[in-house]
file upload06.pdb (PDB, C-alpha atoms)
ATOM      1  CA  MET A  91      14.663   9.167  -7.567
ATOM      2  CA  THR A  92      14.438  12.440  -5.762
ATOM      3  CA  SER A  93      17.595  14.108  -4.635
ATOM      4  CA  ALA A  94      18.355  14.373  -0.944
ATOM      5  CA  THR A  95      17.779  18.129  -0.879
ATOM      6  CA  GLU A  96      14.274  18.239  -2.300
ATOM      7  CA  PRO A  97      12.237  15.120  -1.498
ATOM      8  CA  VAL A  98       9.446  17.025   0.241
ATOM      9  CA  ASP A  99       9.050  19.653  -2.468
ATOM     10  CA  GLN A 100       9.095  17.047  -5.194
ATOM     11  CA  ALA A 101       6.493  14.935  -3.411
ATOM     12  CA  ASP A 102       4.281  17.997  -2.988
ATOM     13  CA  LEU A 103       4.629  18.857  -6.657
ATOM     14  CA  ASP A 104       3.723  15.296  -7.563
ATOM     15  CA  GLN A 105       0.628  15.449  -5.384
ATOM     16  CA  GLU A 106      -0.401  18.667  -7.091
ATOM     17  CA  VAL A 107      -0.029  17.066 -10.510
ATOM     18  CA  ILE A 108      -1.940  13.986  -9.383
ATOM     19  CA  LYS A 109      -4.769  16.188  -8.150
ATOM     20  CA  ARG A 110      -4.952  17.896 -11.533
ATOM     21  CA  VAL A 111      -5.021  14.578 -13.377
ATOM     22  CA  LEU A 112      -7.751  13.227 -11.107
ATOM     23  CA  ASN A 113      -9.725  16.376 -11.816
ATOM     24  CA  GLY A 114      -9.657  15.574 -15.502
ATOM     25  CA  SER A 115      -6.436  17.137 -16.774
ATOM     26  CA  ARG A 116      -5.118  14.112 -18.629
ATOM     27  CA  ASP A 117      -2.238  16.054 -20.183
ATOM     28  CA  SER A 118      -0.792  16.861 -16.753
ATOM     29  CA  PHE A 119       0.185  13.212 -16.436
ATOM     30  CA  GLU A 120       2.964  13.854 -18.934
ATOM     31  CA  LEU A 121       4.760  15.875 -16.236
ATOM     32  CA  LEU A 122       5.074  12.724 -14.161
ATOM     33  CA  ILE A 123       6.221  10.713 -17.166
ATOM     34  CA  VAL A 124       8.942  13.224 -18.036
ATOM     35  CA  ARG A 125      10.002  13.523 -14.400
ATOM     36  CA  TYR A 126      10.394   9.820 -13.675
ATOM     37  CA  SER A 127      10.793   7.921 -16.921
ATOM     38  CA  ASP A 128      14.602   7.939 -17.041
ATOM     39  CA  PRO A 129      15.352   6.159 -13.740
ATOM     40  CA  LEU A 130      12.458   3.771 -14.367
ATOM     41  CA  TYR A 131      13.678   3.052 -17.902
ATOM     42  CA  ARG A 132      17.194   2.371 -16.628
ATOM     43  CA  HIS A 133      15.822  -0.014 -14.029
ATOM     44  CA  ALA A 134      13.794  -1.888 -16.638
ATOM     45  CA  LEU A 135      16.772  -1.959 -18.995
ATOM     46  CA  GLY A 136      19.060  -3.265 -16.277
ATOM     47  CA  MET A 137      16.535  -5.917 -15.322
ATOM     48  CA  THR A 138      15.618  -7.128 -18.809
ATOM     49  CA  GLY A 139      18.691  -6.257 -20.850
ATOM     50  CA  SER A 140      16.479  -5.297 -23.773
ATOM     51  CA  PRO A 141      15.619  -1.706 -24.768
ATOM     52  CA  ASP A 142      12.438  -2.852 -26.522
ATOM     53  CA  VAL A 143      11.208  -4.765 -23.503
ATOM     54  CA  ALA A 144      12.186  -1.903 -21.195
ATOM     55  CA  GLU A 145      10.122   0.515 -23.302
ATOM     56  CA  ASP A 146       7.121  -1.820 -23.250
ATOM     57  CA  ILE A 147       7.347  -2.296 -19.491
ATOM     58  CA  LEU A 148       7.633   1.455 -18.985
ATOM     59  CA  GLN A 149       4.598   2.084 -21.157
ATOM     60  CA  GLN A 150       2.450  -0.565 -19.489
ATOM     61  CA  SER A 151       3.520   0.595 -16.043
ATOM     62  CA  PHE A 152       2.605   4.231 -16.678
ATOM     63  CA  ILE A 153      -0.755   3.180 -18.138
ATOM     64  CA  LYS A 154      -1.367   1.127 -15.006
ATOM     65  CA  ALA A 155      -0.255   4.024 -12.810
ATOM     66  CA  TYR A 156      -2.619   6.375 -14.644
ATOM     67  CA  ALA A 157      -5.545   4.004 -14.245
ATOM     68  CA  HIS A 158      -4.908   3.620 -10.504
ATOM     69  CA  LEU A 159      -3.694   7.117  -9.729
ATOM     70  CA  GLY A 160      -6.329   7.579  -7.060
ATOM     71  CA  GLU A 161      -4.736   4.757  -5.071
ATOM     72  CA  VAL A 162      -1.371   6.460  -4.586
ATOM     73  CA  ARG A 163      -0.394   6.431  -0.946
ATOM     74  CA  GLY A 164       2.783   8.281  -0.032
ATOM     75  CA  ARG A 165       5.398   9.156  -2.619
ATOM     76  CA  PHE A 166       4.411   8.757  -6.252
ATOM     77  CA  ASP A 167       7.959   7.952  -7.387
ATOM     78  CA  ALA A 168       8.250   5.041  -4.959
ATOM     79  CA  TRP A 169       4.778   3.807  -5.897
ATOM     80  CA  VAL A 170       5.418   3.850  -9.630
ATOM     81  CA  PHE A 171       8.864   2.327  -9.084
ATOM     82  CA  ARG A 172       7.239  -0.678  -7.443
ATOM     83  CA  ILE A 173       4.898  -1.072 -10.416
ATOM     84  CA  VAL A 174       7.870  -1.123 -12.797
ATOM     85  CA  ALA A 175       9.961  -3.353 -10.526
ATOM     86  CA  ASN A 176       7.180  -5.921 -10.214
ATOM     87  CA  ALA A 177       6.582  -5.852 -13.970
ATOM     88  CA  CYS A 178      10.280  -6.530 -14.556
ATOM     89  CA  LYS A 179      10.341  -9.438 -12.135
ATOM     90  CA  ASP A 180       7.187 -10.889 -13.649
ATOM     91  CA  TRP A 181       8.757 -10.617 -17.098
ATOM     92  CA  LEU A 182      11.910 -12.362 -15.911
ATOM     93  CA  LYS A 183       9.897 -15.150 -14.347
ATOM     94  CA  ASN A 184       7.690 -15.686 -17.372
ATOM     95  CA  ILE A 185      10.061 -15.296 -20.259
ATOM     96  CA  ARG A 186      12.642 -17.790 -21.320
ATOM     97  CA  ARG A 187      14.977 -15.949 -23.579
ATOM     98  CA  SER A 188      17.047 -17.780 -26.133
ATOM     99  CA  HIS A 189      19.549 -15.027 -26.641
ATOM    100  CA  VAL A 190      20.562 -11.745 -25.209
ATOM    101  CA  SER A 191      19.762  -8.405 -25.432
ATOM    102  CA  TYR A 192      21.080  -5.014 -26.117
ATOM    103  CA  GLU A 193      20.945  -6.202 -29.719
ATOM    104  CA  GLU A 194      18.600  -3.386 -30.615
ATOM    105  CA  ASP A 195      20.984  -0.959 -29.035
ATOM    106  CA  ASP A 196      21.189   2.163 -31.136
ATOM    107  CA  GLN A 197      23.253   4.270 -28.767
ATOM    108  CA  PRO A 198      26.337   5.827 -30.370
ATOM    109  CA  SER A 199      29.598   4.066 -29.727
ATOM    110  CA  SER A 200      32.063   5.777 -27.412
ATOM    111  CA  TYR A 201      35.005   3.454 -27.949
ATOM    112  CA  SER A 202      38.170   4.585 -29.609
ATOM    113  CA  THR A 203      38.970   1.438 -31.582
ATOM    114  CA  PRO A 204      36.927  -1.418 -33.048
ATOM    115  CA  GLU A 205      38.925  -3.851 -30.886
ATOM    116  CA  GLU A 206      38.009  -1.963 -27.743
ATOM    117  CA  GLU A 207      34.375  -1.926 -28.766
ATOM    118  CA  LEU A 208      34.506  -5.651 -29.495
ATOM    119  CA  ASP A 209      35.943  -6.356 -26.041
ATOM    120  CA  ARG A 210      33.288  -4.245 -24.375
ATOM    121  CA  ASN A 211      30.530  -5.904 -26.379
ATOM    122  CA  GLU A 212      31.840  -9.293 -25.305
ATOM    123  CA  LEU A 213      31.903  -8.245 -21.652
ATOM    124  CA  ARG A 214      28.441  -6.748 -22.001
ATOM    125  CA  THR A 215      27.090 -10.006 -23.411
ATOM    126  CA  ASP A 216      28.843 -12.114 -20.779
ATOM    127  CA  LEU A 217      27.602  -9.831 -18.014
ATOM    128  CA  GLU A 218      24.067 -10.022 -19.360
ATOM    129  CA  VAL A 219      24.240 -13.815 -19.490
ATOM    130  CA  ALA A 220      25.555 -13.872 -15.926
ATOM    131  CA  LEU A 221      22.821 -11.510 -14.745
ATOM    132  CA  ALA A 222      20.226 -13.670 -16.476
ATOM    133  CA  ALA A 223      21.409 -16.612 -14.382
ATOM    134  CA  LEU A 224      20.472 -14.773 -11.192
ATOM    135  CA  ALA A 225      17.086 -15.055  -9.533
ATOM    136  CA  PRO A 226      14.998 -11.932 -10.230
ATOM    137  CA  ALA A 227      15.284 -10.681  -6.649
ATOM    138  CA  LEU A 228      19.084 -10.947  -6.751
ATOM    139  CA  ARG A 229      19.298  -9.277 -10.140
ATOM    140  CA  GLU A 230      17.031  -6.501  -8.928
ATOM    141  CA  ALA A 231      19.205  -5.869  -5.870
ATOM    142  CA  PHE A 232      22.391  -5.883  -7.947
ATOM    143  CA  VAL A 233      20.980  -3.533 -10.587
ATOM    144  CA  MET A 234      19.680  -1.088  -7.986
ATOM    145  CA  LYS A 235      22.977  -1.083  -6.092
ATOM    146  CA  HIS A 236      25.583  -1.202  -8.836
ATOM    147  CA  VAL A 237      23.841   0.098 -11.946
ATOM    148  CA  GLU A 238      21.505   2.687 -10.460
ATOM    149  CA  GLY A 239      23.930   3.546  -7.652
ATOM    150  CA  ARG A 240      21.327   3.601  -4.891
ATOM    151  CA  SER A 241      22.077   3.322  -1.180
ATOM    152  CA  TYR A 242      20.810   0.326   0.774
ATOM    153  CA  GLU A 243      18.511   2.651   2.688
ATOM    154  CA  GLU A 244      16.931   4.012  -0.494
ATOM    155  CA  MET A 245      16.545   0.501  -1.870
ATOM    156  CA  ALA A 246      14.865  -0.602   1.337
ATOM    157  CA  GLU A 247      12.420   2.294   1.149
ATOM    158  CA  LEU A 248      11.551   1.640  -2.482
ATOM    159  CA  LEU A 249      11.160  -2.121  -2.106
ATOM    160  CA  ARG A 250       9.652  -1.956   1.371
ATOM    161  CA  THR A 251      12.048  -4.432   2.836
ATOM    162  CA  THR A 252      14.965  -4.265   5.226
ATOM    163  CA  VAL A 253      18.525  -3.099   4.662
ATOM    164  CA  GLY A 254      19.783  -6.426   5.981
ATOM    165  CA  ALA A 255      17.751  -8.425   3.489
ATOM    166  CA  LEU A 256      18.975  -6.253   0.627
ATOM    167  CA  LYS A 257      22.603  -6.530   1.687
ATOM    168  CA  MET A 258      22.164 -10.271   1.659
ATOM    169  CA  ARG A 259      20.742 -10.213  -1.876
ATOM    170  CA  VAL A 260      23.471  -7.894  -3.166
ATOM    171  CA  HIS A 261      26.186 -10.038  -1.604
ATOM    172  CA  ARG A 262      24.764 -13.193  -3.135
ATOM    173  CA  ALA A 263      24.467 -11.546  -6.520
ATOM    174  CA  ARG A 264      28.066 -10.334  -6.372
ATOM    175  CA  GLU A 265      29.350 -13.765  -5.420
ATOM    176  CA  ALA A 266      27.362 -15.365  -8.228
ATOM    177  CA  LEU A 267      28.658 -12.893 -10.818
ATOM    178  CA  GLN A 268      32.195 -13.221  -9.505
ATOM    179  CA  HIS A 269      31.928 -16.995  -9.819
ATOM    180  CA  LEU A 270      30.449 -16.833 -13.327
ATOM    181  CA  LEU A 271      32.835 -14.245 -14.766
ATOM    182  CA  GLU A 272      36.163 -14.704 -13.004
ATOM    183  CA  GLY A 273      37.231 -17.637 -15.164
ATOM    184  CA  LYS A 274      37.227 -15.452 -18.243
ATOM    185  CA  TYR A 275      38.002 -11.985 -16.965
ATOM    186  CA  ALA A 276      40.013 -12.376 -13.789
TER     187      ALA A 276
ATOM    188  CA  MET B  86     -10.140  -7.010 -10.729
ATOM    189  CA  TYR B  87      -7.102  -4.959  -9.790
ATOM    190  CA  ASP B  88      -3.708  -5.634  -8.381
ATOM    191  CA  ASP B  89      -2.911  -4.111  -5.050
ATOM    192  CA  LEU B  90      -0.427  -1.531  -6.221
ATOM    193  CA  ASN B  91       0.308  -0.400  -2.702
ATOM    194  CA  ALA B  92       1.452  -3.801  -1.636
ATOM    195  CA  PRO B  93       5.108  -4.101  -0.708
ATOM    196  CA  ASP B  94       7.528  -6.032  -2.874
ATOM    197  CA  ASN B  95       5.128  -8.790  -3.842
ATOM    198  CA  HIS B  96       7.852 -11.189  -4.767
ATOM    199  CA  SER B  97       8.887 -13.621  -2.161
ATOM    200  CA  ASP B  98      12.373 -13.785  -0.812
ATOM    201  CA  ALA B  99      12.032 -17.513  -0.561
ATOM    202  CA  ASP B 100      13.452 -18.347  -3.983
ATOM    203  CA  LEU B 101      16.614 -16.425  -4.467
ATOM    204  CA  GLY B 102      17.895 -18.930  -6.954
ATOM    205  CA  PHE B 103      21.637 -19.025  -7.406
ATOM    206  CA  GLN B 104      23.540 -20.337  -4.462
ATOM    207  CA  PRO B 105      27.151 -19.240  -4.505
ATOM    208  CA  PRO B 106      29.738 -21.974  -4.199
ATOM    209  CA  ARG B 107      30.819 -22.647  -0.672
ATOM    210  CA  SER B 108      34.004 -23.913   0.791
ATOM    211  CA  LYS B 109      34.188 -27.403   2.264
ATOM    212  CA  ALA B 110      34.381 -25.837   5.680
ATOM    213  CA  GLY B 111      31.157 -24.027   4.913
ATOM    214  CA  GLU B 112      29.331 -27.251   4.057
ATOM    215  CA  ASN B 113      29.094 -28.168   7.711
ATOM    216  CA  GLU B 114      27.359 -24.886   8.341
ATOM    217  CA  ASP B 115      24.600 -25.572   5.793
ATOM    218  CA  ALA B 116      22.318 -27.270   8.298
ATOM    219  CA  LEU B 117      22.778 -24.435  10.754
ATOM    220  CA  THR B 118      22.120 -21.829   8.075
ATOM    221  CA  GLN B 119      18.947 -23.591   6.946
ATOM    222  CA  ARG B 120      17.579 -23.604  10.466
ATOM    223  CA  LEU B 121      17.966 -19.865  10.816
ATOM    224  CA  PRO B 122      14.532 -18.270  10.590
ATOM    225  CA  ASP B 123      15.744 -14.815   9.618
ATOM    226  CA  ARG B 124      17.239 -14.521   6.137
ATOM    227  CA  GLU B 125      19.027 -11.322   7.088
ATOM    228  CA  VAL B 126      21.618 -13.274   9.037
ATOM    229  CA  PRO B 127      24.707 -13.201   6.842
ATOM    230  CA  ILE B 128      26.042 -16.406   5.422
ATOM    231  CA  PRO B 129      29.559 -17.087   6.623
ATOM    232  CA  ASN B 130      32.086 -15.897   4.062
ATOM    233  CA  SER B 131      35.655 -16.633   3.308
ATOM    234  CA  GLY B 132      38.021 -13.754   4.077
ATOM    235  CA  GLY B 133      38.450 -12.669   0.449
ATOM    236  CA  THR B 134      34.720 -12.563  -0.216
ATOM    237  CA  SER B 135      34.112 -10.575   2.915
ATOM    238  CA  VAL B 136      36.727  -8.006   1.896
ATOM    239  CA  LEU B 137      35.170  -7.896  -1.585
ATOM    240  CA  HIS B 138      31.818  -6.830  -0.120
ATOM    241  CA  GLN B 139      33.473  -4.341   2.201
ATOM    242  CA  TRP B 140      35.364  -2.839  -0.719
ATOM    243  CA  LEU B 141      32.314  -2.698  -3.008
ATOM    244  CA  ASP B 142      30.286  -1.131  -0.194
ATOM    245  CA  GLY B 143      32.990   1.507   0.283
ATOM    246  CA  ASP B 144      34.038   0.317   3.726
ATOM    247  CA  VAL B 145      37.675  -0.500   2.848
ATOM    248  CA  SER B 146      40.077   0.895   0.266
ATOM    249  CA  VAL B 147      41.042  -0.771  -2.987
ATOM    250  CA  ALA B 148      44.533  -1.329  -1.561
ATOM    251  CA  VAL B 149      43.058  -3.645   1.082
ATOM    252  CA  MET B 150      41.188  -5.551  -1.625
ATOM    253  CA  ARG B 151      44.313  -5.863  -3.782
ATOM    254  CA  ALA B 152      46.249  -7.242  -0.821
ATOM    255  CA  THR B 153      44.029 -10.330  -0.617
ATOM    256  CA  GLN B 154      44.794 -13.515  -2.538
ATOM    257  CA  GLY B 155      43.784 -12.942  -6.168
ATOM    258  CA  GLY B 156      42.801  -9.428  -5.202
ATOM    259  CA  ASN B 157      44.290  -7.723  -8.261
ATOM    260  CA  ASP B 158      42.294  -9.895 -10.654
ATOM    261  CA  THR B 159      39.127  -9.340  -8.642
ATOM    262  CA  VAL B 160      39.620  -5.564  -8.675
ATOM    263  CA  ASP B 161      40.170  -5.622 -12.444
ATOM    264  CA  LEU B 162      37.019  -7.680 -12.980
ATOM    265  CA  TRP B 163      34.865  -5.387 -10.873
ATOM    266  CA  ASN B 164      36.303  -2.291 -12.507
ATOM    267  CA  LYS B 165      35.179  -3.703 -15.864
ATOM    268  CA  ILE B 166      31.725  -4.456 -14.457
ATOM    269  CA  HIS B 167      31.496  -0.929 -13.066
ATOM    270  CA  ASP B 168      32.506   0.556 -16.424
ATOM    271  CA  GLU B 169      29.663  -1.363 -18.019
ATOM    272  CA  ALA B 170      27.257  -0.239 -15.289
ATOM    273  CA  GLU B 171      28.337   3.353 -15.879
ATOM    274  CA  THR B 172      27.379   3.035 -19.534
ATOM    275  CA  LEU B 173      23.945   1.794 -18.591
ATOM    276  CA  ARG B 174      23.558   4.571 -16.021
ATOM    277  CA  SER B 175      23.883   7.192 -18.733
ATOM    278  CA  ARG B 176      20.952   5.828 -20.735
ATOM    279  CA  THR B 177      17.828   7.940 -21.078
ATOM    280  CA  THR B 178      14.319   7.151 -22.227
ATOM    281  CA  PRO B 179      13.921   7.597 -25.993
ATOM    282  CA  LEU B 180      11.735  10.664 -26.516
ATOM    283  CA  TYR B 181       9.195   8.845 -28.660
ATOM    284  CA  VAL B 182       8.341   6.678 -25.649
ATOM    285  CA  HIS B 183       6.839   9.679 -23.816
ATOM    286  CA  LYS B 184       4.517  10.361 -26.726
ATOM    287  CA  ARG B 185       3.696   6.675 -27.093
ATOM    288  CA  ILE B 186       2.643   6.487 -23.457
ATOM    289  CA  MET B 187       0.539   9.650 -23.637
ATOM    290  CA  ASP B 188      -1.144   8.459 -26.830
ATOM    291  CA  SER B 189      -2.069   5.174 -25.193
ATOM    292  CA  LEU B 190      -3.729   6.729 -22.125
ATOM    293  CA  PRO B 191      -7.529   6.596 -22.181
ATOM    294  CA  ASP B 192      -9.192   9.998 -22.724
ATOM    295  CA  ASP B 193     -12.008   9.799 -20.262
ATOM    296  CA  THR B 194     -10.754   7.890 -17.235
ATOM    297  CA  TYR B 195     -11.161  10.805 -14.856
ATOM    298  CA  ARG B 196     -13.033  13.380 -16.926
ATOM    299  CA  SER B 197     -16.361  11.498 -16.775
ATOM    300  CA  HIS B 198     -16.171  11.061 -13.014
ATOM    301  CA  HIS B 199     -15.559  14.727 -12.289
ATOM    302  CA  PRO B 200     -17.934  17.238 -13.920
ATOM    303  CA  TRP B 201     -16.517  20.756 -14.319
ATOM    304  CA  TYR B 202     -18.350  22.180 -11.319
ATOM    305  CA  LYS B 203     -16.757  19.613  -9.035
ATOM    306  CA  ARG B 204     -13.184  20.172 -10.210
ATOM    307  CA  SER B 205     -10.850  22.169  -8.049
ATOM    308  CA  ILE B 206      -9.509  25.422  -9.447
ATOM    309  CA  SER B 207      -5.993  26.568  -8.914
ATOM    310  CA  ILE B 208      -5.668  30.109  -7.596
ATOM    311  CA  ASN B 209      -2.732  32.140  -8.844
ATOM    312  CA  PRO B 210      -2.160  35.932  -9.003
ATOM    313  CA  ALA B 211      -3.519  36.213 -12.546
ATOM    314  CA  VAL B 212      -6.737  34.438 -11.592
ATOM    315  CA  MET B 213      -7.096  36.623  -8.484
ATOM    316  CA  ILE B 214      -6.604  39.853 -10.484
ATOM    317  CA  ALA B 215      -9.083  38.735 -13.141
ATOM    318  CA  ALA B 216     -11.639  37.791 -10.487
ATOM    319  CA  GLY B 217     -11.090  41.176  -8.790
ATOM    320  CA  ILE B 218     -11.665  43.066 -12.032
ATOM    321  CA  VAL B 219     -14.845  41.102 -12.745
ATOM    322  CA  LEU B 220     -16.222  41.687  -9.237
ATOM    323  CA  PHE B 221     -15.297  45.388  -9.312
ATOM    324  CA  SER B 222     -16.978  45.853 -12.705
ATOM    325  CA  LEU B 223     -20.046  43.987 -11.504
ATOM    326  CA  GLY B 224     -20.194  46.156  -8.374
ATOM    327  CA  ALA B 225     -19.802  49.333 -10.418
ATOM    328  CA  LEU B 226     -22.619  48.260 -12.751
ATOM    329  CA  ILE B 227     -24.950  47.475  -9.861
ATOM    330  CA  ALA B 228     -24.094  50.752  -8.109
ATOM    331  CA  HIS B 229     -24.640  52.661 -11.295
ATOM    332  CA  ALA B 230     -28.026  51.003 -11.836
ATOM    333  CA  VAL B 231     -29.132  51.629  -8.236
ATOM    334  CA  LEU B 232     -28.042  55.258  -8.154
ATOM    335  CA  LYS B 233     -29.551  56.031 -11.518
TER     336      LYS B 233
END

call {"tool": "encode", "arguments": {"input": "upload06.pdb", "output": "structure tokens"}}
result
Amino acid sequence: MTSATEPVDQADLDQEVIKRVLNGSRDSFELLIVRYSDPLYRHALGMTGSPDVAEDILQQSFIKAYAHLGEVRGRFDAWVFRIVANACKDWLKNIRRSHVSYEEDDQPSSYSTPEEELDRNELRTDLEVALAALAPALREAFVMKHVEGRSYEEMAELLRTTVGALKMRVHRAREALQHLLEGKYA
Amino acid sequence: MYDDLNAPDNHSDADLGFQPPRSKAGENEDALTQRLPDREVPIPNSGGTSVLHQWLDGDVSVAVMRATQGGNDTVDLWNKIHDEAETLRSRTTPLYVHKRIMDSLPDDTYRSHHPWYKRSISINPAVMIAAGIVLFSLGALIAHAVLK
């Protein structure tokens, strides 16, 4: 979530903000929300496929982070990422969805023709269905690698696991998606 | 009762769900794979699948991937998936969500625990100048009163 050139500075800034919040400056917490909400929202969206659910998870996660801010050890962005990631996996484990997702999508269309948009919507739905068939840990690894574009090393740091274990999950997720989608698209 | 928010990924690796289809040759390796204690040991792959991972991890070029059996179709499929991922990557948090989160934060979580005299103050040049002026004025007043 922090770029390679400024992880130390960003972490120091975060610590400064956290100190202010713990000293009673509630409004300072908004700095952390603005700074980190986009990558966290994208993760939740990739994991759940639903903008509404992603917003709810983001909100609950930041409330939880605020309530436990004094427990932050190390980087805030990694800590809050784990809160969101665990909330997403819990949601996936607990919810049985009857249909998919992105249906509340209000983003403007970028496709040149209605046919092109229809094709992309079909792929989007099929991809979401295929992702929903994956175990949460596999979906998480795939989303972090291919949607968020993270390196294995960054993923390992955020999830506190090993690069080898994550490569395994990503490989399994790819093979599952390939198997589920190749009949129609390849 | 609180969750341990500093705990590592609290979701077990034990149930990874979907098992990709394996070749008949691979079936004989199932027992061996199950005995392996470390899940990081890669599962044996067919050649095409192995090249797929190498290509998607940036270790080989697309030309190598296309040269495998069914490689062109696989490349086309993954290009479509990547296009879709790119769309998702451009998404940003709706602005109203920031306000919604701030509005839902409790007002007094930290304020009540830290009275004003225990809070840290941040020192910046403006604060230092103001403090200097106050101290100088105070000193001048005292000196004036003493010398009078």

call {"tool": "closest_residue", "arguments": {"input": "upload06.pdb", "among": "A:Glu247, A:Asp102, A:Glu218, A:Glu238", "to": "chain B", "atoms": "only C-alpha atoms"}}
result
A:Glu238

call {"tool": "interface_residues", "arguments": {"input": "upload06.pdb", "of": "chain A", "to": "chain B", "cutoff": "7 Å", "atoms": "all atoms listed in the file", "output": "PDB file with C-alpha atoms, in the coordinates of the input"}}
result
ATOM      1  CA  LEU A 112      -7.751  13.227 -11.107  1.00  0.00           C
ATOM      2  CA  ASN A 113      -9.725  16.376 -11.816  1.00  0.00           C
ATOM      3  CA  GLY A 114      -9.657  15.574 -15.502  1.00  0.00           C
ATOM      4  CA  GLU A 120       2.964  13.854 -18.934  1.00  0.00           C
ATOM      5  CA  ILE A 123       6.221  10.713 -17.166  1.00  0.00           C
ATOM      6  CA  SER A 127      10.793   7.921 -16.921  1.00  0.00           C
ATOM      7  CA  ASP A 128      14.602   7.939 -17.041  1.00  0.00           C
ATOM      8  CA  TYR A 131      13.678   3.052 -17.902  1.00  0.00           C
ATOM      9  CA  ARG A 132      17.194   2.371 -16.628  1.00  0.00           C
ATOM     10  CA  GLU A 145      10.122   0.515 -23.302  1.00  0.00           C
ATOM     11  CA  GLN A 149       4.598   2.084 -21.157  1.00  0.00           C
ATOM     12  CA  ILE A 153      -0.755   3.180 -18.138  1.00  0.00           C
ATOM     13  CA  TRP A 169       4.778   3.807  -5.897  1.00  0.00           C
ATOM     14  CA  ILE A 173       4.898  -1.072 -10.416  1.00  0.00           C
ATOM     15  CA  ARG A 214      28.441  -6.748 -22.001  1.00  0.00           C
ATOM     16  CA  LEU A 224      20.472 -14.773 -11.192  1.00  0.00           C
ATOM     17  CA  ALA A 225      17.086 -15.055  -9.533  1.00  0.00           C
ATOM     18  CA  ALA A 227      15.284 -10.681  -6.649  1.00  0.00           C
ATOM     19  CA  LEU A 228      19.084 -10.947  -6.751  1.00  0.00           C
ATOM     20  CA  HIS A 236      25.583  -1.202  -8.836  1.00  0.00           C
ATOM     21  CA  VAL A 237      23.841   0.098 -11.946  1.00  0.00           C
ATOM     22  CA  GLU A 238      21.505   2.687 -10.460  1.00  0.00           C
ATOM     23  CA  LEU A 249      11.160  -2.121  -2.106  1.00  0.00           C
ATOM     24  CA  ARG A 250       9.652  -1.956   1.371  1.00  0.00           C
ATOM     25  CA  GLY A 254      19.783  -6.426   5.981  1.00  0.00           C
ATOM     26  CA  ALA A 255      17.751  -8.425   3.489  1.00  0.00           C
ATOM     27  CA  MET A 258      22.164 -10.271   1.659  1.00  0.00           C
ATOM     28  CA  HIS A 261      26.186 -10.038  -1.604  1.00  0.00           C
ATOM     29  CA  ARG A 262      24.764 -13.193  -3.135  1.00  0.00           C
ATOM     30  CA  GLU A 265      29.350 -13.765  -5.420  1.00  0.00           C
ATOM     31  CA  ALA A 266      27.362 -15.365  -8.228  1.00  0.00           C
ATOM     32  CA  TYR A 275      38.002 -11.985 -16.965  1.00  0.00           C
ATOM     33  CA  ALA A 276      40.013 -12.376 -13.789  1.00  0.00           C
TER      34      ALA A 276
END

call {"tool": "resolve_selection", "arguments": {"input": "upload06.pdb", "expression": "the PyMOL selection byres ((chain A and resi 220) around 10)", "output": "list of chain:residue names"}}
result
A:Arg214, A:Thr215, A:Asp216, A:Leu217, A:Glu218, A:Val219, A:Leu221, A:Ala222, A:Ala223, A:Leu224, A:Arg229, A:Ala263, A:Ala266, A:Leu267, A:Gln268, A:His269, A:Leu270, A:Leu271

call {"tool": "atom_distance", "arguments": {"input": "upload06.pdb", "atom1": "atom CA of Ser118 of chain A", "atom2": "atom CA of Ala155 of chain A"}}
result
13.4 Å

call {"tool": "closest_residue", "arguments": {"input": "upload06.pdb", "among": "A:Arg163, A:Pro226, A:Tyr156, A:Pro141", "to": "Val111 of chain A", "atoms": "only C-alpha atoms"}}
result
A:Tyr156

call {"tool": "resolve_selection", "arguments": {"input": "upload06.pdb", "expression": "the PyMOL selection byres ((chain A and resi 175) around 9)", "output": "list in words"}}
result
Leu130, His133, Ala134, Met137, Val170, Phe171, Arg172, Ile173, Val174, Asn176, Ala177, Cys178, Lys179, Asp180, Glu230 and Leu249 of chain A; Asp94 of chain B
